[in-house]
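Trainee: Just one file: input-v9.cif, with mmCIF, C-alpha atoms and all ligand atoms.
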```
data_query
loop_
_atom_site.group_PDB
_atom_site.id
_atom_site.type_symbol
_atom_site.label_atom_id
_atom_site.label_comp_id
_atom_site.auth_asym_id
_atom_site.auth_seq_id
_atom_site.Cartn_x
_atom_site.Cartn_y
_atom_site.Cartn_z
ATOM 1 C CA MET A 231 -4.264 3.918 -7.581
ATOM 2 C CA ILE A 232 -3.724 2.286 -4.181
ATOM 3 C CA LYS A 233 -3.898 4.823 -1.365
ATOM 4 C CA SER A 234 -4.951 2.777 1.651
ATOM 5 C CA VAL A 235 -4.059 -0.745 2.796
ATOM 6 C CA LEU A 236 -5.038 -3.157 5.570
ATOM 7 C CA VAL A 237 -2.080 -5.360 6.554
ATOM 8 C CA THR A 238 -2.403 -8.388 8.863
ATOM 9 C CA GLY A 239 0.525 -9.930 10.727
ATOM 10 C CA ALA A 240 1.998 -6.449 10.995
ATOM 11 C CA SER A 241 3.432 -6.642 14.503
ATOM 12 C CA SER A 242 6.499 -8.600 13.352
ATOM 13 C CA GLY A 243 8.632 -9.817 10.462
ATOM 14 C CA ILE A 244 7.487 -9.393 6.875
ATOM 15 C CA GLY A 245 4.204 -7.639 7.696
ATOM 16 C CA ARG A 246 5.891 -5.001 9.832
ATOM 17 C CA ASP A 247 8.236 -4.155 6.985
ATOM 18 C CA VAL A 248 5.318 -4.047 4.539
ATOM 19 C CA VAL A 249 3.739 -1.406 6.787
ATOM 20 C CA ARG A 250 7.002 0.549 7.053
ATOM 21 C CA GLN A 251 7.435 0.602 3.274
ATOM 22 C CA LEU A 252 3.806 1.515 2.541
ATOM 23 C CA CYS A 253 3.869 4.352 5.083
ATOM 24 C CA ALA A 254 7.162 5.593 3.622
ATOM 25 C CA ARG A 255 5.337 5.888 0.296
ATOM 26 C CA GLY A 256 2.669 8.032 1.960
ATOM 27 C CA LEU A 257 -0.147 5.480 2.009
ATOM 28 C CA ALA A 258 -2.733 5.256 4.801
ATOM 29 C CA VAL A 259 -2.162 1.881 6.471
ATOM 30 C CA VAL A 260 -4.043 -0.111 9.085
ATOM 31 C CA ALA A 261 -1.630 -2.517 10.790
ATOM 32 C CA THR A 262 -2.901 -5.436 12.829
ATOM 33 C CA GLY A 263 -1.683 -8.346 14.940
ATOM 34 C CA ARG A 264 -2.254 -9.451 18.518
ATOM 35 C CA ASP A 265 0.668 -7.704 20.201
ATOM 36 C CA ALA A 266 -0.667 -4.252 21.085
ATOM 37 C CA GLU A 267 2.696 -2.984 22.360
ATOM 38 C CA ARG A 268 4.570 -3.785 19.158
ATOM 39 C CA LEU A 269 1.727 -2.298 17.131
ATOM 40 C CA ALA A 270 1.849 0.891 19.206
ATOM 41 C CA ALA A 271 5.599 1.138 18.550
ATOM 42 C CA LEU A 272 4.965 0.680 14.824
ATOM 43 C CA ARG A 273 2.277 3.370 14.902
ATOM 44 C CA GLN A 274 4.693 5.703 16.654
ATOM 45 C CA GLU A 275 7.419 4.958 14.098
ATOM 46 C CA THR A 276 5.354 5.096 10.884
ATOM 47 C CA GLY A 277 2.111 6.961 11.557
ATOM 48 C CA CYS A 278 0.024 3.911 10.633
ATOM 49 C CA TYR A 279 -3.283 3.097 12.317
ATOM 50 C CA ALA A 280 -2.976 0.109 14.651
ATOM 51 C CA ALA A 281 -5.665 -2.382 15.651
ATOM 52 C CA SER A 282 -5.101 -5.429 17.847
ATOM 53 C CA PHE A 283 -7.145 -8.525 16.930
ATOM 54 C CA ASP A 284 -6.743 -12.256 17.512
ATOM 55 C CA LEU A 285 -7.519 -13.697 14.094
ATOM 56 C CA SER A 286 -7.970 -17.204 15.493
ATOM 57 C CA GLN A 287 -11.429 -16.028 16.612
ATOM 58 C CA PRO A 288 -14.194 -16.600 14.031
ATOM 59 C CA GLU A 289 -15.700 -13.104 14.311
ATOM 60 C CA ALA A 290 -12.363 -11.259 14.376
ATOM 61 C CA PRO A 291 -11.865 -10.866 10.602
ATOM 62 C CA ALA A 292 -15.189 -9.054 10.107
ATOM 63 C CA GLU A 293 -14.616 -6.937 13.222
ATOM 64 C CA LEU A 294 -11.104 -6.051 12.069
ATOM 65 C CA TYR A 295 -12.325 -5.092 8.617
ATOM 66 C CA ALA A 296 -15.021 -2.852 10.121
ATOM 67 C CA ALA A 297 -12.407 -1.220 12.381
ATOM 68 C CA ALA A 298 -10.106 -0.629 9.411
ATOM 69 C CA ARG A 299 -12.951 0.933 7.445
ATOM 70 C CA ALA A 300 -13.738 3.241 10.364
ATOM 71 C CA ALA A 301 -10.072 4.240 10.826
ATOM 72 C CA LEU A 302 -9.634 4.991 7.125
ATOM 73 C CA GLY A 303 -13.007 6.682 6.689
ATOM 74 C CA GLY A 304 -13.876 4.159 3.982
ATOM 75 C CA PRO A 305 -12.851 0.797 2.597
ATOM 76 C CA PRO A 306 -9.143 0.030 2.142
ATOM 77 C CA ASP A 307 -8.007 -0.005 -1.490
ATOM 78 C CA ALA A 308 -5.884 -3.072 -0.791
ATOM 79 C CA LEU A 309 -5.747 -5.955 1.665
ATOM 80 C CA VAL A 310 -2.538 -7.819 2.514
ATOM 81 C CA ASN A 311 -3.374 -11.110 4.248
ATOM 82 C CA ASN A 312 -0.013 -11.856 5.813
ATOM 83 C CA ALA A 313 -0.718 -13.195 9.348
ATOM 84 C CA GLY A 314 0.415 -16.787 9.764
ATOM 85 C CA PHE A 315 2.423 -19.205 11.847
ATOM 86 C CA ASN A 316 3.788 -22.730 11.988
ATOM 87 C CA ARG A 317 3.891 -24.233 15.442
ATOM 88 C CA ARG A 318 3.437 -27.873 14.442
ATOM 89 C CA LYS A 319 6.584 -29.307 12.950
ATOM 90 C CA GLY A 320 6.570 -33.071 13.347
ATOM 91 C CA PRO A 321 5.256 -36.343 12.027
ATOM 92 C CA VAL A 322 1.614 -36.880 11.097
ATOM 93 C CA THR A 323 1.335 -39.418 13.934
ATOM 94 C CA ASP A 324 1.690 -36.540 16.439
ATOM 95 C CA ILE A 325 -0.881 -34.059 15.115
ATOM 96 C CA THR A 326 -3.796 -32.995 17.303
ATOM 97 C CA ALA A 327 -7.211 -31.595 16.462
ATOM 98 C CA VAL A 328 -6.448 -28.443 18.457
ATOM 99 C CA GLU A 329 -3.284 -27.716 16.458
ATOM 100 C CA LEU A 330 -4.973 -28.447 13.154
ATOM 101 C CA ASP A 331 -7.834 -26.080 13.961
ATOM 102 C CA ALA A 332 -5.477 -23.347 15.211
ATOM 103 C CA HIS A 333 -3.407 -23.349 12.022
ATOM 104 C CA MET A 334 -6.433 -23.492 9.759
ATOM 105 C CA ALA A 335 -8.136 -20.678 11.687
ATOM 106 C CA VAL A 336 -5.333 -18.150 11.279
ATOM 107 C CA ASN A 337 -3.505 -19.266 8.135
ATOM 108 C CA PHE A 338 -6.652 -19.947 6.109
ATOM 109 C CA ARG A 339 -10.025 -19.026 7.632
ATOM 110 C CA ALA A 340 -9.120 -15.518 8.756
ATOM 111 C CA ALA A 341 -7.583 -14.687 5.385
ATOM 112 C CA ALA A 342 -10.602 -16.102 3.538
ATOM 113 C CA LEU A 343 -13.075 -14.122 5.663
ATOM 114 C CA LEU A 344 -11.080 -10.925 5.194
ATOM 115 C CA CYS A 345 -11.175 -11.562 1.441
ATOM 116 C CA ARG A 346 -14.969 -11.850 1.730
ATOM 117 C CA GLU A 347 -15.232 -8.520 3.541
ATOM 118 C CA ALA A 348 -12.881 -6.746 1.127
ATOM 119 C CA MET A 349 -14.515 -8.234 -1.968
ATOM 120 C CA ARG A 350 -17.932 -6.897 -0.966
ATOM 121 C CA ASP A 351 -16.533 -3.364 -1.095
ATOM 122 C CA MET A 352 -14.273 -3.947 -4.078
ATOM 123 C CA LEU A 353 -17.135 -5.374 -6.178
ATOM 124 C CA THR A 354 -19.077 -2.176 -5.572
ATOM 125 C CA ARG A 355 -16.109 -0.003 -6.489
ATOM 126 C CA LYS A 356 -14.904 -2.244 -9.355
ATOM 127 C CA ALA A 357 -11.362 -1.790 -8.099
ATOM 128 C CA GLY A 358 -8.977 -3.022 -5.451
ATOM 129 C CA HIS A 359 -6.130 -5.416 -4.810
ATOM 130 C CA ILE A 360 -5.930 -8.423 -2.493
ATOM 131 C CA ILE A 361 -2.579 -10.022 -1.689
ATOM 132 C CA ASN A 362 -2.522 -13.375 0.097
ATOM 133 C CA VAL A 363 0.845 -14.385 1.551
ATOM 134 C CA VAL A 364 1.105 -18.135 1.050
ATOM 135 C CA SER A 365 4.520 -19.920 1.038
ATOM 136 C CA THR A 366 6.812 -21.918 -1.216
ATOM 137 C CA VAL A 367 5.855 -24.884 0.983
ATOM 138 C CA VAL A 368 2.845 -25.348 -1.310
ATOM 139 C CA TRP A 369 5.238 -25.968 -4.220
ATOM 140 C CA HIS A 370 7.876 -28.148 -2.573
ATOM 141 C CA LYS A 371 5.947 -29.831 0.305
ATOM 142 C CA ALA A 372 8.074 -31.286 3.095
ATOM 143 C CA GLU A 373 7.959 -34.055 5.680
ATOM 144 C CA HIS A 374 6.940 -32.803 9.144
ATOM 145 C CA TYR A 375 5.205 -29.733 7.654
ATOM 146 C CA SER A 376 1.839 -31.402 7.012
ATOM 147 C CA VAL A 377 -0.322 -29.095 9.148
ATOM 148 C CA TYR A 378 1.261 -25.812 8.052
ATOM 149 C CA CYS A 379 1.467 -26.988 4.439
ATOM 150 C CA ALA A 380 -2.202 -28.023 4.412
ATOM 151 C CA SER A 381 -3.297 -24.656 5.809
ATOM 152 C CA LYS A 382 -1.253 -22.816 3.183
ATOM 153 C CA CYS A 383 -2.503 -25.159 0.417
ATOM 154 C CA ALA A 384 -6.030 -24.194 1.464
ATOM 155 C CA LEU A 385 -5.133 -20.528 1.099
ATOM 156 C CA HIS A 386 -3.434 -21.269 -2.238
ATOM 157 C CA GLY A 387 -6.565 -22.975 -3.611
ATOM 158 C CA PHE A 388 -8.832 -20.233 -2.305
ATOM 159 C CA THR A 389 -6.611 -17.556 -3.860
ATOM 160 C CA ALA A 390 -6.596 -19.310 -7.243
ATOM 161 C CA CYS A 391 -10.432 -19.312 -7.280
ATOM 162 C CA LEU A 392 -10.598 -15.707 -6.087
ATOM 163 C CA ILE A 393 -8.271 -14.614 -8.897
ATOM 164 C CA LYS A 394 -10.893 -15.863 -11.368
ATOM 165 C CA GLU A 395 -13.882 -14.391 -9.500
ATOM 166 C CA ALA A 396 -12.276 -10.980 -9.069
ATOM 167 C CA ARG A 397 -10.735 -10.439 -12.513
ATOM 168 C CA PRO A 398 -13.952 -9.652 -14.459
ATOM 169 C CA HIS A 399 -14.658 -6.854 -11.964
ATOM 170 C CA GLY A 400 -11.315 -5.101 -12.291
ATOM 171 C CA ILE A 401 -10.070 -6.411 -8.944
ATOM 172 C CA LYS A 402 -6.486 -7.633 -8.739
ATOM 173 C CA VAL A 403 -5.603 -10.693 -6.646
ATOM 174 C CA THR A 404 -2.054 -11.892 -6.006
ATOM 175 C CA GLY A 405 -0.811 -15.050 -4.321
ATOM 176 C CA VAL A 406 2.642 -14.440 -2.862
ATOM 177 C CA TYR A 407 4.919 -17.449 -2.276
ATOM 178 C CA PRO A 408 7.998 -16.474 -0.249
ATOM 179 C CA GLY A 409 10.777 -18.906 0.562
ATOM 180 C CA GLY A 410 12.832 -18.758 3.744
ATOM 181 C CA THR A 411 12.831 -15.352 5.404
ATOM 182 C CA ASP A 412 14.755 -14.510 8.570
ATOM 183 C CA THR A 413 11.958 -13.509 10.964
ATOM 184 C CA PRO A 414 10.627 -14.643 14.373
ATOM 185 C CA PHE A 415 8.506 -17.110 12.349
ATOM 186 C CA ARG A 416 11.064 -19.764 13.307
ATOM 187 C CA ALA A 417 12.883 -20.167 16.616
ATOM 188 C CA LEU A 418 16.363 -20.093 15.084
ATOM 189 C CA GLU A 419 17.837 -17.073 13.352
ATOM 190 C CA ARG A 420 18.657 -17.684 9.690
ATOM 191 C CA PRO A 421 20.903 -14.861 8.496
ATOM 192 C CA ASP A 422 21.380 -16.760 5.212
ATOM 193 C CA TYR A 423 17.660 -16.388 4.443
ATOM 194 C CA MET A 424 15.978 -13.299 2.985
ATOM 195 C CA LYS A 425 15.698 -10.225 5.168
ATOM 196 C CA SER A 426 12.122 -9.345 6.088
ATOM 197 C CA GLU A 427 12.523 -5.975 4.347
ATOM 198 C CA SER A 428 13.493 -7.776 1.129
ATOM 199 C CA ALA A 429 10.437 -10.028 1.231
ATOM 200 C CA ALA A 430 8.300 -6.991 2.077
ATOM 201 C CA ARG A 431 9.665 -5.108 -0.915
ATOM 202 C CA MET A 432 8.618 -7.927 -3.239
ATOM 203 C CA ILE A 433 5.094 -7.788 -1.790
ATOM 204 C CA VAL A 434 4.803 -4.000 -1.828
ATOM 205 C CA ASP A 435 6.050 -3.805 -5.415
ATOM 206 C CA THR A 436 3.152 -5.970 -6.643
ATOM 207 C CA LEU A 437 0.792 -3.198 -5.512
ATOM 208 C CA PHE A 438 2.498 -0.723 -7.822
ATOM 209 C CA VAL A 439 2.687 -2.552 -11.135
ATOM 210 C CA PRO A 440 1.099 -0.722 -14.103
ATOM 211 C CA ASP A 441 -2.726 -0.553 -14.123
ATOM 212 C CA ASP A 442 -2.939 -2.928 -17.072
ATOM 213 C CA VAL A 443 -0.895 -5.642 -15.318
ATOM 214 C CA VAL A 444 -1.786 -8.049 -12.534
ATOM 215 C CA VAL A 445 0.692 -10.348 -10.783
ATOM 216 C CA HIS A 446 -1.260 -13.540 -10.099
ATOM 217 C CA GLU A 447 1.507 -15.603 -8.527
ATOM 218 C CA LEU A 448 4.795 -14.312 -7.169
ATOM 219 C CA THR A 449 7.363 -16.885 -6.001
ATOM 220 C CA PHE A 450 10.715 -15.795 -4.627
ATOM 221 C CA ARG A 451 13.424 -17.391 -2.485
ATOM 222 C CA PRO A 452 16.731 -16.642 -0.833
ATOM 223 C CA MET A 453 19.643 -17.484 -3.097
ATOM 224 C CA VAL A 454 20.701 -20.295 -0.726
ATOM 225 C CA GLU A 455 17.451 -22.221 -1.127
ATOM 226 C CA THR A 456 17.402 -25.189 -3.503
ATOM 227 C CA ASN A 457 14.048 -26.814 -2.730
ATOM 228 C CA PHE A 458 12.502 -26.213 -6.138
HETATM 229 N N1 LIG B 1 9.515 -16.471 7.457
HETATM 230 C C1 LIG B 1 9.448 -17.353 6.471
HETATM 231 O O1 LIG B 1 10.429 -18.090 6.161
HETATM 232 C C2 LIG B 1 8.176 -17.482 5.654
HETATM 233 C C3 LIG B 1 8.226 -18.220 4.453
HETATM 234 C C4 LIG B 1 7.073 -18.342 3.694
HETATM 235 C C5 LIG B 1 5.894 -17.763 4.110
HETATM 236 N N2 LIG B 1 5.877 -17.071 5.297
HETATM 237 C C6 LIG B 1 4.594 -16.469 5.695
HETATM 238 O O2 LIG B 1 4.781 -15.078 5.802
HETATM 239 C C7 LIG B 1 3.825 -14.533 6.726
HETATM 240 C C8 LIG B 1 4.544 -13.620 7.704
HETATM 241 O O3 LIG B 1 5.441 -14.420 8.468
HETATM 242 P P1 LIG B 1 6.762 -13.837 9.162
HETATM 243 O O4 LIG B 1 7.890 -14.645 8.667
HETATM 244 O O5 LIG B 1 6.808 -12.371 9.031
HETATM 245 O O6 LIG B 1 6.478 -14.319 10.676
HETATM 246 P P2 LIG B 1 6.377 -13.516 12.071
HETATM 247 O O7 LIG B 1 7.478 -12.549 12.198
HETATM 248 O O8 LIG B 1 6.224 -14.589 13.098
HETATM 249 O O9 LIG B 1 5.006 -12.705 11.923
HETATM 250 C C9 LIG B 1 3.758 -13.357 11.963
HETATM 251 C C10 LIG B 1 2.668 -12.327 12.148
HETATM 252 O O10 LIG B 1 1.399 -13.023 12.186
HETATM 253 C C11 LIG B 1 0.662 -12.531 13.318
HETATM 254 N N3 LIG B 1 -0.222 -13.550 13.887
HETATM 255 C C12 LIG B 1 0.086 -14.811 14.245
HETATM 256 N N4 LIG B 1 -0.973 -15.391 14.844
HETATM 257 C C13 LIG B 1 -1.960 -14.456 14.890
HETATM 258 C C14 LIG B 1 -3.287 -14.423 15.408
HETATM 259 N N5 LIG B 1 -3.824 -15.473 16.032
HETATM 260 N N6 LIG B 1 -4.006 -13.283 15.244
HETATM 261 C C15 LIG B 1 -3.494 -12.205 14.640
HETATM 262 N N7 LIG B 1 -2.246 -12.167 14.139
HETATM 263 C C16 LIG B 1 -1.483 -13.272 14.270
HETATM 264 C C17 LIG B 1 1.738 -12.154 14.335
HETATM 265 O O11 LIG B 1 1.217 -11.167 15.217
HETATM 266 P P3 LIG B 1 1.122 -11.348 16.824
HETATM 267 O O12 LIG B 1 2.282 -12.178 17.249
HETATM 268 O O13 LIG B 1 1.140 -9.926 17.320
HETATM 269 O O14 LIG B 1 -0.168 -12.008 17.018
HETATM 270 C C18 LIG B 1 2.817 -11.550 13.450
HETATM 271 O O15 LIG B 1 2.566 -10.180 13.219
HETATM 272 C C19 LIG B 1 3.139 -15.753 7.371
HETATM 273 O O16 LIG B 1 1.889 -15.970 6.748
HETATM 274 C C20 LIG B 1 4.071 -16.904 7.056
HETATM 275 O O17 LIG B 1 3.392 -18.137 6.990
HETATM 276 C C21 LIG B 1 6.991 -16.903 6.068
#
```
Turn this file's structure into structure tokens for me.
Ligand SMILES: NC(=O)c1ccc[n+]([C@@H]2O[C@H](COP(=O)([O-])OP(=O)(O)OC[C@H]3O[C@@H](n4cnc5c(N)ncnc54)[C@H](OP(=O)(O)O)[C@@H]3O)[C@@H](O)[C@H]2O)c1

Mentor:
Amino acid sequence: MIKSVLVTGASSGIGRDVVRQLCARGLAVVATGRDAERLAALRQETGCYAASFDLSQPEAPAELYAAARAALGGPPDALVNNAGFNRRKGPVTDITAVELDAHMAVNFRAAALLCREAMRDMLTRKAGHIINVVSTVVWHKAEHYSVYCASKCALHGFTACLIKEARPHGIKVTGVYPGGTDTPFRALERPDYMKSESAARMIVDTLFVPDDVVVHELTFRPMVETNF
């Protein structure tokens, strides 16, 4: 039974709605992002714990996990690795080392290190659930998405291995692959894409499947999307 959850990327978009929906179900939630003001507003609205961390920093994932443990008075039952961004849309000829490192640091490394922290506790307890928010970009690929796609493919590969490592110990691991969702993730509004609360509902529901079921991969898209 999942009673407590650590959610990254919770100051905006999908993650914020994940926090809202988990709190509405009465769970204890630690919400994190960089924007302390938006996190404070979310805490005020939902009663979640809020912790501001910049996950591009190598030590931040372990520090965040320790802070979440302290806030909850013990390890979270579930981890939702949702923080991510795509600031490099363009041809491969334009990519820079700085951009590559920035995307890999947040979209992959931080999620992987948080999985490490959570797994150490979950292995002891022989229970828990880790959800990694990937993207349908790993299925369809796309020109001018090479940096973002590579960072999400890294998370996809890592998640697939973790699924196998965790299963014998009773730990559930889910890779979530959303398609286009109308959030501040992209500069332009896309009202034809999924609402963030819809994407959040898909994620939250995977935490509440029957005990004898695990969702390993969950792909979903807005009805308008045809890139499959
Ligand atoms: N929207 C889509 O169409 C779509 C499709 C497929 C997958 N996804 C994935 O879904 C996840 C959520 O995206 P979204 O659409 O909800 O985007 P969003 O509204 O832009 O939210 C992104 C979240 O990630 C956090 N974040 C970014 N950089 C961070 C950093 N350095 N340290 C800590 N937190 C950081 C942001 O917090 P701060 O700004 O406070 O730092 C924010 O809370 C991402 O992993 C994204 O790749 C989105």

Trainee: Selection in question (the file shown): the PyMOL selection byres (((chain A and resi 245) around 10) and not hetatm). Which residues does it include, as a PyMOL selection string?

Mentor: chain A and resi 237-244+246-251+261-263+310-313+363+426-427+429-430+433

Trainee: Axis-aligned box over every listed atom of ligand LIG 1 (chain B), padded by 3 Å per side: centre and edges in Å to one decimal, as JSON?

Mentor:
```
{"center_x": 3.2, "center_y": -14.1, "center_z": 10.5, "size_x": 20.4, "size_y": 14.4, "size_z": 19.6}
```

Trainee: What gap, in Å, lies between atom CA of Leu285 of chain A and atom CA of Arg299 of chain A?

Mentor: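 Computed distance, atom CA of Leu285 of chain A to atom CA of Arg299 of chain A, equals 17.0 Å.
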
Trainee: A:Val235, A:Phe315, A:Ala384, A:Glu447: which is nearest Thr413 of chain A, counting all atoms listed in the file?

Mentor: A:Phe315

Trainee: Go through A:Leu302, A:Met432, A:Val444, A:Ala292 and flag the residue nearest Ala341 of chain A, using all atoms listed in the file for the distances.

Mentor: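 Looking only at the distances to Ala341 of chain A, the closest residue turns out to be A:Ala292.
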
Trainee: In terms of the shortest atom-to-atom distance over all atoms listed in the file, which of A:Pro288, A:Gly358, A:Gly387, A:Pro305 is closest to ligand LIG 1 (chain B)?

Mentor: A:Pro288

Trainee: To test your reading of the syntax: which residues would the PyMOL selection byres (((chain A and resi 254) around 12) and not hetatm) return for the file shown? Reply as a PyMOL selection string.

Mentor: chain A and resi 247-253+255-259+275-278+431+434

Trainee: For the residues selected in the previous step, produce a file with C-alpha atoms as a PDB file, keeping the file's coordinate frame.

Mentor:
```pdb
ATOM      1  CA  ASP A 247       8.236  -4.155   6.985  1.00  0.00           C
ATOM      2  CA  VAL A 248       5.318  -4.047   4.539  1.00  0.00           C
ATOM      3  CA  VAL A 249       3.739  -1.406   6.787  1.00  0.00           C
ATOM      4  CA  ARG A 250       7.002   0.549   7.053  1.00  0.00           C
ATOM      5  CA  GLN A 251       7.435   0.602   3.274  1.00  0.00           C
ATOM      6  CA  LEU A 252       3.806   1.515   2.541  1.00  0.00           C
ATOM      7  CA  CYS A 253       3.869   4.352   5.083  1.00  0.00           C
ATOM      8  CA  ARG A 255       5.337   5.888   0.296  1.00  0.00           C
ATOM      9  CA  GLY A 256       2.669   8.032   1.960  1.00  0.00           C
ATOM     10  CA  LEU A 257      -0.147   5.480   2.009  1.00  0.00           C
ATOM     11  CA  ALA A 258      -2.733   5.256   4.801  1.00  0.00           C
ATOM     12  CA  VAL A 259      -2.162   1.881   6.471  1.00  0.00           C
ATOM     13  CA  GLU A 275       7.419   4.958  14.098  1.00  0.00           C
ATOM     14  CA  THR A 276       5.354   5.096  10.884  1.00  0.00           C
ATOM     15  CA  GLY A 277       2.111   6.961  11.557  1.00  0.00           C
ATOM     16  CA  CYS A 278       0.024   3.911  10.633  1.00  0.00           C
ATOM     17  CA  ARG A 431       9.665  -5.108  -0.915  1.00  0.00           C
ATOM     18  CA  VAL A 434       4.803  -4.000  -1.828  1.00  0.00           C
TER      19      VAL A 434
END
```

Trainee: Tell me, in Å to one decimal, how far atom CA of Met349 of chain A is from atom CA of Leu392 of chain A.

Mentor: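 Going from atom CA of Met349 of chain A over to atom CA of Leu392 of chain A covers 9.4 Å.
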
Trainee: Could you state the separation of atom O14 of ligand LIG 1 (chain B) and atom CA of Ser376 of chain A in Å, given to one decimal place?

Mentor: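 Here the two named atoms are 21.9 Å from each other.
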
Trainee: Where does the PyMOL selection byres (((chain A and resi 416-418) around 9) and not hetatm) land in this file, that is, which residues does it pick, as number ranges by chain?

Mentor: A: 315-317, 412-415, 419-420

Trainee: Could you please give me, as number ranges by chain, the residues of protein, DNA or RNA lying at most 12 Å from (-0.3, -0.5, -12.4) in the coordinate frame of the file, considering all atoms listed in the file?

Mentor: A: 231-232, 357-359, 400-402, 435-445

Trainee: Rank nothing, just name the residue among A:Leu343, A:Ala396, A:Val368, A:Val336 nearest to ligand LIG 1 (chain B), using only C-alpha atoms and all ligand atoms.

Mentor: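 Ranking A:Leu343, A:Ala396, A:Val368, A:Val336 by distance to ligand LIG 1 (chain B), first place goes to A:Val336.
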
Trainee: Using all atoms listed in the file, which residue out of A:Arg397, A:Val454, A:Gly303, A:Ala390 lies closest to Pro421 of chain A?

Mentor: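 Under the stated criterion, the closest residue is A:Val454.
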
Trainee: When you write segment 312-323 of chain A out from the block above, keep N, CA and C atoms and present the result as a short mmCIF file (atom, residue, chain, number, x, y, z; two decimals), in the first residue's frame, please.

Mentor:
```
data_model
loop_
_atom_site.label_atom_id
_atom_site.label_comp_id
_atom_site.auth_asym_id
_atom_site.auth_seq_id
_atom_site.Cartn_x
_atom_site.Cartn_y
_atom_site.Cartn_z
N ASN A 312 9.99 12.73 -12.39
CA ASN A 312 9.25 13.42 -13.44
C ASN A 312 9.98 14.66 -13.97
N ALA A 313 10.95 15.20 -13.22
CA ALA A 313 11.63 16.44 -13.66
C ALA A 313 12.29 16.22 -15.02
N GLY A 314 12.14 17.19 -15.91
CA GLY A 314 12.78 17.08 -17.22
C GLY A 314 12.52 18.30 -18.05
N PHE A 315 13.32 18.47 -19.08
CA PHE A 315 13.14 19.64 -19.97
C PHE A 315 13.77 19.34 -21.32
N ASN A 316 13.40 20.18 -22.29
CA ASN A 316 13.99 20.10 -23.62
C ASN A 316 14.25 21.51 -24.12
N ARG A 317 15.48 21.96 -23.97
CA ARG A 317 15.79 23.32 -24.41
C ARG A 317 16.60 23.32 -25.70
N ARG A 318 16.95 22.15 -26.21
CA ARG A 318 17.77 22.08 -27.41
C ARG A 318 16.98 21.42 -28.54
N LYS A 319 16.25 22.23 -29.26
CA LYS A 319 15.60 21.72 -30.46
C LYS A 319 16.34 22.29 -31.64
N GLY A 320 16.98 21.44 -32.44
CA GLY A 320 17.74 21.94 -33.58
C GLY A 320 18.62 20.85 -34.13
N PRO A 321 19.30 21.15 -35.20
CA PRO A 321 20.10 20.12 -35.87
C PRO A 321 21.33 19.71 -35.06
N VAL A 322 21.80 18.51 -35.31
CA VAL A 322 22.96 17.97 -34.61
C VAL A 322 24.18 18.88 -34.79
N THR A 323 24.26 19.56 -35.92
CA THR A 323 25.42 20.44 -36.17
C THR A 323 25.51 21.60 -35.18
#
```
